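Please read the structure below before turning to the comments.
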Amino acid sequence: MAQSETVEDLDKFKHNGNEAVELAGHGCYNRLVLVACSVISNAVALDMFGFGVVLAAASCDLQLGIREIGVLGSMPFAGVLFAFPWGYFADTRGRRRALLVSCTGGFILAALGSLSPSWQVLLVLKLIGCWFSTASYSLTMAYLGECTGNKHRSEYLFVMNSMNLFSEAVTFIIAYFILPLTFNIPIPWLSITYRPWRLLTFLMAIPLGIGAVMMWFLYESPKFLANSGKNDQALEVLRKIFEMNGGDRQHYQVKALESTKSETESKPNLWKSIQQQTTPIFKPPFLWRTLQLFYLLIIIICTNNVFEIWFSTIVNSFFTSSNANVDFCDRVVANITAVPGDNGDFNCNDTISNYTIYSGIAYGFFITIVNLIMVKVAAWRRLVLIIITLVSAVCSALVVIISEPITSIILFTLLQGTAVGVGVVASYFVDIYPTSYRGMVTSLGMMTSRLVSVGGINVMGTAITTDCSLTFYSWSAFLFSGVAAALFLPPDKTKGFRASTT
């Protein structure tokens, strides 16, 4: 009788994963997780998008033409071919472990890229390095979302995305101080001369290493542990979190977790496990939302990625044009078609126009501030997504209509503003999909979007030089279709479509 009463009393303290995280409180540990995820998010963006600045500065030293810039610029996004296994790794081995491996590998290969003797070697190192680093961004979404209570989740995802966007300013600020340097250090055994653009490449790799170190001091996602049948470990992590947030671990209310996975369940083989985690997201009730969110991610990410990689080259071409009396397209095309000579008898200049750097810094600060403001309106996610996509669509059309130089470059810069919407779509992934599929569906969404970006980056150089105006009008139509798709998201301030999560 006493034993049955004990079991009955214990059942009263059973909670699901969401409730357990909420009862762990909100404080120091949650802020540490936010800082670590923000550093990693910023580091991934530096590794990917900062590469565009590197290409503009290294084009002479590595003798890069329009084709080489396009191929190299797409390599960070080709790295998402490994997003699928990273999602599987995160869902089976843990979010924290996946982040540790991806950040460490990304840092080592990015650092080695600064010593590349040719653009072909740089291409290989960037491709393999981004197989590691690009996975970290989607993994931080899942990790941060699972370690944060419902009340602060959307807000934290917005903050993390803001730090990702701030990488634009960080990149150009570092470039402002590094690229004007004039050192040339021969390294014969590598057949290279160490120049400023190489130092810039190395400095932008360091945050990935910092992110890996920070993850050593954090715990595995308790929701992942519970979902894996490791309830005792999950409870211990929750007690530690509760204690770090200012509570007494002995007073933590959760004494047991509701089972979400049988501990005696036999583990399926790799292929069957991947099928089990992937197939449900492409079946009702998830099918419509999966297709919708994937399409929105493609529009948002592809728009930002394509124009951000080409940003330094296009804007630098715009500001260095010898003819100031022509429109945006004519000024860009006049220089962007130039290909460095191959006779080797030229003096390379690693610097890029100060106006290009100023534009990048201004945009970085602007988009970060806008995203932070969005934190205050996080409850109106659908409206936010519609507005930013609409603004980008209008800017894409107006950039070739308005001939005034400064206005046209501002419109071109604002075209990249769709990046603000990544956090919005990420919050829908966290809300809609259960823990078992969340890492996989987020990684697949990012992978699909990045793969489209690979094609977009390679096509953009040729498209602009062939018919610049048509390129921007077509992209405007592409963005307007995103506005239409966003209209069918669940209404703001309601729970909308939501699957049960644990």
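Residues in the structure tokens are named by chain (A, B, ... in the order shown) and by number from 1 within that chain; ligands are numbered from 1 in the order shown.
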
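DSSP on the backbone gives strand (DSSP E or B) for these parts of range 126-193 of chain A: A:Ile185, A:Pro186, A:Ile187, A:Ile192, A:Thr193.
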
For range 156-161 of chain A, list every protein, DNA or RNA residue within 10 Å, evaluated using only C-alpha atoms, and leave out those in the same chain fewer than 6 positions away; present the list as a PDB file with N, CA and C atoms, in the first residue's frame.
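Now in selection-v2.pdb:
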ATOM      1  N   ASN A  30      20.413  30.270 -19.188  1.00  0.00           N
ATOM      2  CA  ASN A  30      19.766  30.573 -20.460  1.00  0.00           C
ATOM      3  C   ASN A  30      20.493  31.678 -21.206  1.00  0.00           C
ATOM      4  N   ARG A  31      20.991  32.663 -20.464  1.00  0.00           N
ATOM      5  CA  ARG A  31      21.737  33.739 -21.112  1.00  0.00           C
ATOM      6  C   ARG A  31      23.083  33.244 -21.644  1.00  0.00           C
ATOM      7  N   VAL A  33      23.641  30.205 -22.757  1.00  0.00           N
ATOM      8  CA  VAL A  33      23.297  29.478 -23.976  1.00  0.00           C
ATOM      9  C   VAL A  33      23.073  30.452 -25.131  1.00  0.00           C
ATOM     10  N   LEU A  34      22.366  31.546 -24.836  1.00  0.00           N
ATOM     11  CA  LEU A  34      22.106  32.557 -25.857  1.00  0.00           C
ATOM     12  C   LEU A  34      23.417  33.161 -26.375  1.00  0.00           C
ATOM     13  N   VAL A  35      24.338  33.485 -25.460  1.00  0.00           N
ATOM     14  CA  VAL A  35      25.620  34.068 -25.871  1.00  0.00           C
ATOM     15  C   VAL A  35      26.407  33.080 -26.739  1.00  0.00           C
ATOM     16  N   ALA A  36      26.479  31.822 -26.298  1.00  0.00           N
ATOM     17  CA  ALA A  36      27.226  30.817 -27.051  1.00  0.00           C
ATOM     18  C   ALA A  36      26.623  30.619 -28.445  1.00  0.00           C
ATOM     19  N   CYS A  37      25.307  30.503 -28.504  1.00  0.00           N
ATOM     20  CA  CYS A  37      24.644  30.303 -29.797  1.00  0.00           C
ATOM     21  C   CYS A  37      24.794  31.536 -30.694  1.00  0.00           C
ATOM     22  N   SER A  38      24.792  32.719 -30.085  1.00  0.00           N
ATOM     23  CA  SER A  38      24.961  33.948 -30.866  1.00  0.00           C
ATOM     24  C   SER A  38      26.367  34.044 -31.438  1.00  0.00           C
ATOM     25  N   VAL A  39      27.372  33.658 -30.632  1.00  0.00           N
ATOM     26  CA  VAL A  39      28.760  33.659 -31.121  1.00  0.00           C
ATOM     27  C   VAL A  39      28.902  32.696 -32.298  1.00  0.00           C
ATOM     28  N   ILE A  40      28.333  31.499 -32.149  1.00  0.00           N
ATOM     29  CA  ILE A  40      28.424  30.498 -33.218  1.00  0.00           C
ATOM     30  C   ILE A  40      27.672  30.967 -34.460  1.00  0.00           C
ATOM     31  N   SER A  41      26.495  31.543 -34.254  1.00  0.00           N
ATOM     32  CA  SER A  41      25.706  32.043 -35.377  1.00  0.00           C
ATOM     33  C   SER A  41      26.469  33.122 -36.130  1.00  0.00           C
ATOM     34  N   ASN A  42      27.106  34.044 -35.394  1.00  0.00           N
ATOM     35  CA  ASN A  42      27.899  35.096 -36.008  1.00  0.00           C
ATOM     36  C   ASN A  42      29.112  34.497 -36.734  1.00  0.00           C
ATOM     37  N   TYR A 137      24.674  26.539 -37.793  1.00  0.00           N
ATOM     38  CA  TYR A 137      23.607  27.538 -37.691  1.00  0.00           C
ATOM     39  C   TYR A 137      22.257  26.895 -37.401  1.00  0.00           C
ATOM     40  N   THR A 140      22.187  25.425 -33.872  1.00  0.00           N
ATOM     41  CA  THR A 140      21.980  26.379 -32.778  1.00  0.00           C
ATOM     42  C   THR A 140      20.501  26.717 -32.627  1.00  0.00           C
ATOM     43  N   MET A 141      19.766  26.725 -33.736  1.00  0.00           N
ATOM     44  CA  MET A 141      18.322  26.990 -33.652  1.00  0.00           C
ATOM     45  C   MET A 141      17.636  25.930 -32.795  1.00  0.00           C
ATOM     46  N   ALA A 142      17.938  24.665 -33.093  1.00  0.00           N
ATOM     47  CA  ALA A 142      17.312  23.570 -32.344  1.00  0.00           C
ATOM     48  C   ALA A 142      17.775  23.587 -30.886  1.00  0.00           C
ATOM     49  N   LEU A 144      19.123  26.101 -28.997  1.00  0.00           N
ATOM     50  CA  LEU A 144      18.619  27.250 -28.255  1.00  0.00           C
ATOM     51  C   LEU A 144      17.122  27.129 -27.997  1.00  0.00           C
ATOM     52  N   GLY A 145      16.379  26.673 -29.001  1.00  0.00           N
ATOM     53  CA  GLY A 145      14.940  26.535 -28.846  1.00  0.00           C
ATOM     54  C   GLY A 145      14.562  25.527 -27.772  1.00  0.00           C
ATOM     55  N   THR A 148      15.277  26.788 -24.048  1.00  0.00           N
ATOM     56  CA  THR A 148      14.600  28.030 -23.674  1.00  0.00           C
ATOM     57  C   THR A 148      13.103  27.789 -23.543  1.00  0.00           C
ATOM     58  N   GLY A 149      12.505  28.368 -22.512  1.00  0.00           N
ATOM     59  CA  GLY A 149      11.072  28.228 -22.294  1.00  0.00           C
ATOM     60  C   GLY A 149      10.258  28.941 -23.359  1.00  0.00           C
ATOM     61  N   THR A 368      20.899  44.761 -38.176  1.00  0.00           N
ATOM     62  CA  THR A 368      20.936  44.235 -36.809  1.00  0.00           C
ATOM     63  C   THR A 368      19.966  44.984 -35.915  1.00  0.00           C
ATOM     64  N   ASN A 371      16.450  44.000 -36.713  1.00  0.00           N
ATOM     65  CA  ASN A 371      16.119  42.680 -36.187  1.00  0.00           C
ATOM     66  C   ASN A 371      15.900  42.718 -34.675  1.00  0.00           C
ATOM     67  N   LEU A 372      16.683  43.536 -33.964  1.00  0.00           N
ATOM     68  CA  LEU A 372      16.499  43.660 -32.523  1.00  0.00           C
ATOM     69  C   LEU A 372      15.167  44.335 -32.196  1.00  0.00           C
ATOM     70  N   ILE A 373      14.780  45.287 -33.027  1.00  0.00           N
ATOM     71  CA  ILE A 373      13.472  45.923 -32.846  1.00  0.00           C
ATOM     72  C   ILE A 373      12.364  44.896 -33.038  1.00  0.00           C
ATOM     73  N   MET A 374      12.606  43.967 -33.955  1.00  0.00           N
ATOM     74  CA  MET A 374      11.615  42.929 -34.223  1.00  0.00           C
ATOM     75  C   MET A 374      11.350  42.053 -33.001  1.00  0.00           C
ATOM     76  N   VAL A 375      12.306  42.019 -32.063  1.00  0.00           N
ATOM     77  CA  VAL A 375      12.113  41.240 -30.840  1.00  0.00           C
ATOM     78  C   VAL A 375      10.855  41.703 -30.115  1.00  0.00           C
ATOM     79  N   LYS A 376      10.600  42.996 -30.167  1.00  0.00           N
ATOM     80  CA  LYS A 376       9.454  43.559 -29.462  1.00  0.00           C
ATOM     81  C   LYS A 376       8.134  43.250 -30.156  1.00  0.00           C
ATOM     82  N   ALA A 378       7.708  40.215 -31.762  1.00  0.00           N
ATOM     83  CA  ALA A 378       7.870  38.798 -32.112  1.00  0.00           C
ATOM     84  C   ALA A 378       6.532  38.065 -32.180  1.00  0.00           C
ATOM     85  N   ALA A 419      17.020  38.581 -44.668  1.00  0.00           N
ATOM     86  CA  ALA A 419      17.700  37.807 -43.621  1.00  0.00           C
ATOM     87  C   ALA A 419      16.969  37.894 -42.290  1.00  0.00           C
ATOM     88  N   VAL A 420      16.263  38.985 -42.059  1.00  0.00           N
ATOM     89  CA  VAL A 420      15.514  39.146 -40.810  1.00  0.00           C
ATOM     90  C   VAL A 420      14.469  38.048 -40.656  1.00  0.00           C
ATOM     91  N   GLY A 421      13.993  37.509 -41.773  1.00  0.00           N
ATOM     92  CA  GLY A 421      12.931  36.511 -41.721  1.00  0.00           C
ATOM     93  C   GLY A 421      13.374  35.114 -41.352  1.00  0.00           C
ATOM     94  N   VAL A 422      14.687  34.855 -41.322  1.00  0.00           N
ATOM     95  CA  VAL A 422      15.157  33.507 -40.997  1.00  0.00           C
ATOM     96  C   VAL A 422      14.728  33.102 -39.591  1.00  0.00           C
ATOM     97  N   GLY A 423      14.877  34.018 -38.641  1.00  0.00           N
ATOM     98  CA  GLY A 423      14.461  33.720 -37.269  1.00  0.00           C
ATOM     99  C   GLY A 423      12.972  33.474 -37.150  1.00  0.00           C
ATOM    100  N   VAL A 424      12.200  34.169 -37.971  1.00  0.00           N
ATOM    101  CA  VAL A 424      10.743  33.986 -37.960  1.00  0.00           C
ATOM    102  C   VAL A 424      10.382  32.564 -38.380  1.00  0.00           C
ATOM    103  N   ALA A 426      12.328  29.999 -38.459  1.00  0.00           N
ATOM    104  CA  ALA A 426      12.919  29.058 -37.504  1.00  0.00           C
ATOM    105  C   ALA A 426      12.000  28.844 -36.314  1.00  0.00           C
ATOM    106  N   SER A 427      11.348  29.905 -35.866  1.00  0.00           N
ATOM    107  CA  SER A 427      10.448  29.766 -34.720  1.00  0.00           C
ATOM    108  C   SER A 427       9.242  28.893 -35.056  1.00  0.00           C
TER     109      SER A 427
END

Exercise: Ser449 in chain A partners within 8 Å, only C-alpha atoms, chain neighbours under 3 positions left out, as an NGL selection string: :A and (294 or 297-299 or 301-302 or 445-446 or 452-453)

Shell of 8 Å around Ala175 in chain A, only C-alpha atoms, local chain residues under 4 positions omitted, as number ranges by chain: A: 53, 171, 179, 200, 357

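Here CA of Ser481 in chain A is placed at a distance of 9.6 Å from CA of Leu390 in chain A.
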
Considering only helix (DSSP H, G or I) as DSSP defines it on the backbone, what residues of range 40-201 of chain A qualify? List them as an mmCIF file with C-alpha atoms, in the first residue's frame.
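New file states-v8.cif:
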data_model
loop_
_atom_site.group_PDB
_atom_site.id
_atom_site.type_symbol
_atom_site.label_atom_id
_atom_site.label_comp_id
_atom_site.auth_asym_id
_atom_site.auth_seq_id
_atom_site.Cartn_x
_atom_site.Cartn_y
_atom_site.Cartn_z
ATOM 1 C CA ILE A 40 28.424 30.498 -33.218
ATOM 2 C CA SER A 41 25.706 32.043 -35.377
ATOM 3 C CA ASN A 42 27.899 35.096 -36.008
ATOM 4 C CA ALA A 43 30.909 32.838 -36.681
ATOM 5 C CA VAL A 44 29.035 30.783 -39.285
ATOM 6 C CA ALA A 45 27.966 33.955 -41.091
ATOM 7 C CA LEU A 46 31.543 35.286 -41.027
ATOM 8 C CA ASP A 47 32.786 32.021 -42.501
ATOM 9 C CA MET A 48 30.149 32.041 -45.227
ATOM 10 C CA PHE A 49 29.364 35.638 -46.124
ATOM 11 C CA GLY A 50 32.658 37.206 -45.127
ATOM 12 C CA PHE A 51 34.073 35.089 -47.916
ATOM 13 C CA GLY A 52 32.549 37.542 -50.392
ATOM 14 C CA VAL A 53 34.812 40.307 -49.060
ATOM 15 C CA VAL A 54 37.800 37.954 -49.181
ATOM 16 C CA LEU A 55 37.083 37.183 -52.836
ATOM 17 C CA ALA A 56 36.890 40.883 -53.718
ATOM 18 C CA ALA A 57 40.229 41.511 -51.979
ATOM 19 C CA ALA A 58 41.974 38.362 -53.273
ATOM 20 C CA ILE A 66 33.768 36.332 -63.031
ATOM 21 C CA ARG A 67 33.555 32.548 -63.366
ATOM 22 C CA GLU A 68 36.020 31.830 -60.555
ATOM 23 C CA ILE A 69 34.321 34.321 -58.222
ATOM 24 C CA GLY A 70 30.961 32.665 -58.867
ATOM 25 C CA VAL A 71 32.278 29.146 -58.296
ATOM 26 C CA LEU A 72 34.222 30.088 -55.150
ATOM 27 C CA GLY A 73 31.365 32.208 -53.812
ATOM 28 C CA SER A 74 28.994 29.256 -54.037
ATOM 29 C CA MET A 75 31.255 26.881 -52.107
ATOM 30 C CA PRO A 76 30.010 27.907 -48.628
ATOM 31 C CA PHE A 77 26.505 26.919 -49.706
ATOM 32 C CA ALA A 78 27.569 23.736 -51.468
ATOM 33 C CA GLY A 79 28.690 22.666 -47.991
ATOM 34 C CA VAL A 80 25.076 22.139 -47.014
ATOM 35 C CA LEU A 81 25.144 18.824 -48.872
ATOM 36 C CA PHE A 82 26.124 17.484 -45.458
ATOM 37 C CA ALA A 83 23.239 19.178 -43.650
ATOM 38 C CA PHE A 84 21.193 15.994 -43.931
ATOM 39 C CA PRO A 85 23.626 13.736 -41.990
ATOM 40 C CA TRP A 86 24.264 16.557 -39.505
ATOM 41 C CA GLY A 87 20.545 16.634 -38.738
ATOM 42 C CA TYR A 88 20.615 12.875 -38.225
ATOM 43 C CA PHE A 89 23.728 13.166 -36.037
ATOM 44 C CA ALA A 90 22.095 15.869 -33.914
ATOM 45 C CA ASP A 91 18.872 13.895 -33.487
ATOM 46 C CA THR A 92 20.652 10.669 -32.516
ATOM 47 C CA ARG A 93 23.900 11.728 -30.791
ATOM 48 C CA ARG A 95 22.786 18.804 -30.214
ATOM 49 C CA ARG A 96 25.788 19.764 -28.086
ATOM 50 C CA ARG A 97 28.069 17.068 -29.512
ATOM 51 C CA ALA A 98 27.100 17.990 -33.060
ATOM 52 C CA LEU A 99 27.874 21.654 -32.376
ATOM 53 C CA LEU A 100 31.258 20.796 -30.852
ATOM 54 C CA VAL A 101 32.311 18.753 -33.877
ATOM 55 C CA SER A 102 30.973 21.178 -36.492
ATOM 56 C CA CYS A 103 32.523 24.285 -34.907
ATOM 57 C CA THR A 104 35.907 22.646 -34.356
ATOM 58 C CA GLY A 105 36.126 21.240 -37.883
ATOM 59 C CA GLY A 106 34.929 24.506 -39.399
ATOM 60 C CA PHE A 107 37.552 26.522 -37.510
ATOM 61 C CA ILE A 108 40.496 24.296 -38.484
ATOM 62 C CA LEU A 109 39.623 24.236 -42.198
ATOM 63 C CA ALA A 110 38.781 27.945 -42.362
ATOM 64 C CA ALA A 111 42.133 28.781 -40.765
ATOM 65 C CA LEU A 112 43.943 26.548 -43.261
ATOM 66 C CA GLY A 113 42.144 28.378 -46.087
ATOM 67 C CA TRP A 119 42.063 29.352 -55.834
ATOM 68 C CA GLN A 120 41.592 25.627 -56.485
ATOM 69 C CA VAL A 121 43.007 24.728 -53.064
ATOM 70 C CA LEU A 122 40.916 27.455 -51.458
ATOM 71 C CA LEU A 123 37.845 25.993 -53.194
ATOM 72 C CA VAL A 124 38.417 22.511 -51.725
ATOM 73 C CA LEU A 125 39.138 23.789 -48.202
ATOM 74 C CA LYS A 126 36.105 26.089 -48.272
ATOM 75 C CA LEU A 127 33.814 23.317 -49.491
ATOM 76 C CA ILE A 128 34.906 20.821 -46.825
ATOM 77 C CA GLY A 129 35.119 23.479 -44.109
ATOM 78 C CA CYS A 130 31.576 24.628 -44.753
ATOM 79 C CA TRP A 131 30.349 21.034 -44.551
ATOM 80 C CA PHE A 132 31.167 21.524 -40.881
ATOM 81 C CA SER A 133 30.465 25.178 -40.159
ATOM 82 C CA THR A 134 27.170 25.641 -42.041
ATOM 83 C CA ALA A 135 25.604 22.854 -39.978
ATOM 84 C CA SER A 136 26.184 24.877 -36.816
ATOM 85 C CA TYR A 137 23.607 27.538 -37.691
ATOM 86 C CA SER A 138 20.617 25.214 -37.946
ATOM 87 C CA LEU A 139 21.900 23.255 -34.932
ATOM 88 C CA THR A 140 21.980 26.379 -32.778
ATOM 89 C CA MET A 141 18.322 26.990 -33.652
ATOM 90 C CA ALA A 142 17.312 23.570 -32.344
ATOM 91 C CA TYR A 143 19.635 23.746 -29.307
ATOM 92 C CA LEU A 144 18.619 27.250 -28.255
ATOM 93 C CA GLY A 145 14.940 26.535 -28.846
ATOM 94 C CA GLU A 146 15.004 23.386 -26.690
ATOM 95 C CA ASN A 150 8.110 29.157 -24.472
ATOM 96 C CA LYS A 151 7.941 32.695 -23.062
ATOM 97 C CA HIS A 152 11.424 33.669 -24.253
ATOM 98 C CA ARG A 153 11.936 31.316 -27.204
ATOM 99 C CA SER A 154 10.897 33.589 -30.076
ATOM 100 C CA GLU A 155 12.698 36.522 -28.485
ATOM 101 C CA TYR A 156 15.939 34.557 -28.102
ATOM 102 C CA LEU A 157 15.783 33.274 -31.676
ATOM 103 C CA PHE A 158 15.397 36.854 -32.873
ATOM 104 C CA VAL A 159 18.398 37.953 -30.800
ATOM 105 C CA MET A 160 20.529 35.099 -32.123
ATOM 106 C CA ASN A 161 19.519 35.927 -35.672
ATOM 107 C CA SER A 162 20.474 39.551 -35.018
ATOM 108 C CA MET A 163 23.980 38.451 -34.094
ATOM 109 C CA ASN A 164 24.068 36.437 -37.301
ATOM 110 C CA LEU A 165 23.127 39.535 -39.272
ATOM 111 C CA SER A 167 28.384 39.591 -39.043
ATOM 112 C CA GLU A 168 28.015 41.887 -42.057
ATOM 113 C CA ALA A 169 29.212 44.849 -40.001
ATOM 114 C CA VAL A 170 31.889 42.756 -38.255
ATOM 115 C CA THR A 171 33.276 41.599 -41.603
ATOM 116 C CA PHE A 172 33.635 45.108 -43.007
ATOM 117 C CA ILE A 173 34.953 46.548 -39.745
ATOM 118 C CA ILE A 174 37.751 43.955 -39.708
ATOM 119 C CA ALA A 175 38.354 44.578 -43.416
ATOM 120 C CA TYR A 176 38.567 48.334 -42.774
ATOM 121 C CA PHE A 177 41.557 47.820 -40.475
ATOM 122 C CA ILE A 178 43.229 44.855 -42.193
ATOM 123 C CA PRO A 188 58.413 29.799 -49.980
ATOM 124 C CA TRP A 189 57.606 26.356 -48.598
ATOM 125 C CA LEU A 190 53.894 27.085 -49.211
ATOM 126 C CA PRO A 196 46.359 41.241 -45.804
ATOM 127 C CA TRP A 197 43.489 39.227 -47.315
ATOM 128 C CA ARG A 198 45.006 36.062 -45.811
ATOM 129 C CA LEU A 199 45.111 37.626 -42.350
ATOM 130 C CA LEU A 200 41.487 38.721 -42.821
ATOM 131 C CA THR A 201 40.537 35.131 -43.676
#

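As for CA of Asn227 in chain A and CA of Met440 in chain A, they are spaced 14.4 Å apart.
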
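Of the listed residues A:Ser476, A:Ser436, A:Ser353, A:Thr471, the one whose atoms come nearest to Lys223 in chain A is A:Ser436, with distances taken using only C-alpha atoms.
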
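CA of Leu62 in chain A is positioned 19.1 Å from CA of Phe311 in chain A.
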
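Each of A:Ile369, A:Leu23, A:Ile281, A:Met447 was compared to Tyr433 in chain A using only C-alpha atoms, and A:Ile281 turns out to be the nearest.
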
Non-local contacts of Val391 in chain A (12 Å; only C-alpha atoms; under 5 positions in same chain excluded) as a PyMOL selection string: chain A and resi 384-386+396-398+411-418+420-421+476+479-480+482-483

Keeping only C-alpha atoms, write those residues as a compact mmCIF listing (two decimals), in the first residue's frame.
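Resulting contents of part_12.txt:
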# COMPACT_ATOMS: atom_id res chain seq x y z
CA VAL A 384 6.88 40.73 -39.84
CA LEU A 385 7.69 38.14 -42.51
CA ILE A 386 5.22 39.65 -44.98
CA SER A 396 14.55 44.80 -56.23
CA ALA A 397 12.30 46.48 -58.78
CA LEU A 398 13.19 50.08 -57.89
CA LEU A 411 17.88 50.05 -52.48
CA PHE A 412 20.36 47.35 -53.56
CA THR A 413 21.67 47.11 -50.00
CA LEU A 414 18.18 46.86 -48.49
CA LEU A 415 17.37 44.02 -50.91
CA GLN A 416 19.31 41.71 -48.60
CA GLY A 417 16.94 42.49 -45.72
CA THR A 418 15.11 39.18 -46.06
CA VAL A 420 15.51 39.15 -40.81
CA GLY A 421 12.93 36.51 -41.72
CA SER A 476 11.19 41.00 -57.50
CA LEU A 479 9.94 37.79 -53.68
CA PHE A 480 6.30 38.72 -54.29
CA GLY A 482 7.00 34.73 -50.98
CA VAL A 483 4.60 37.39 -49.74
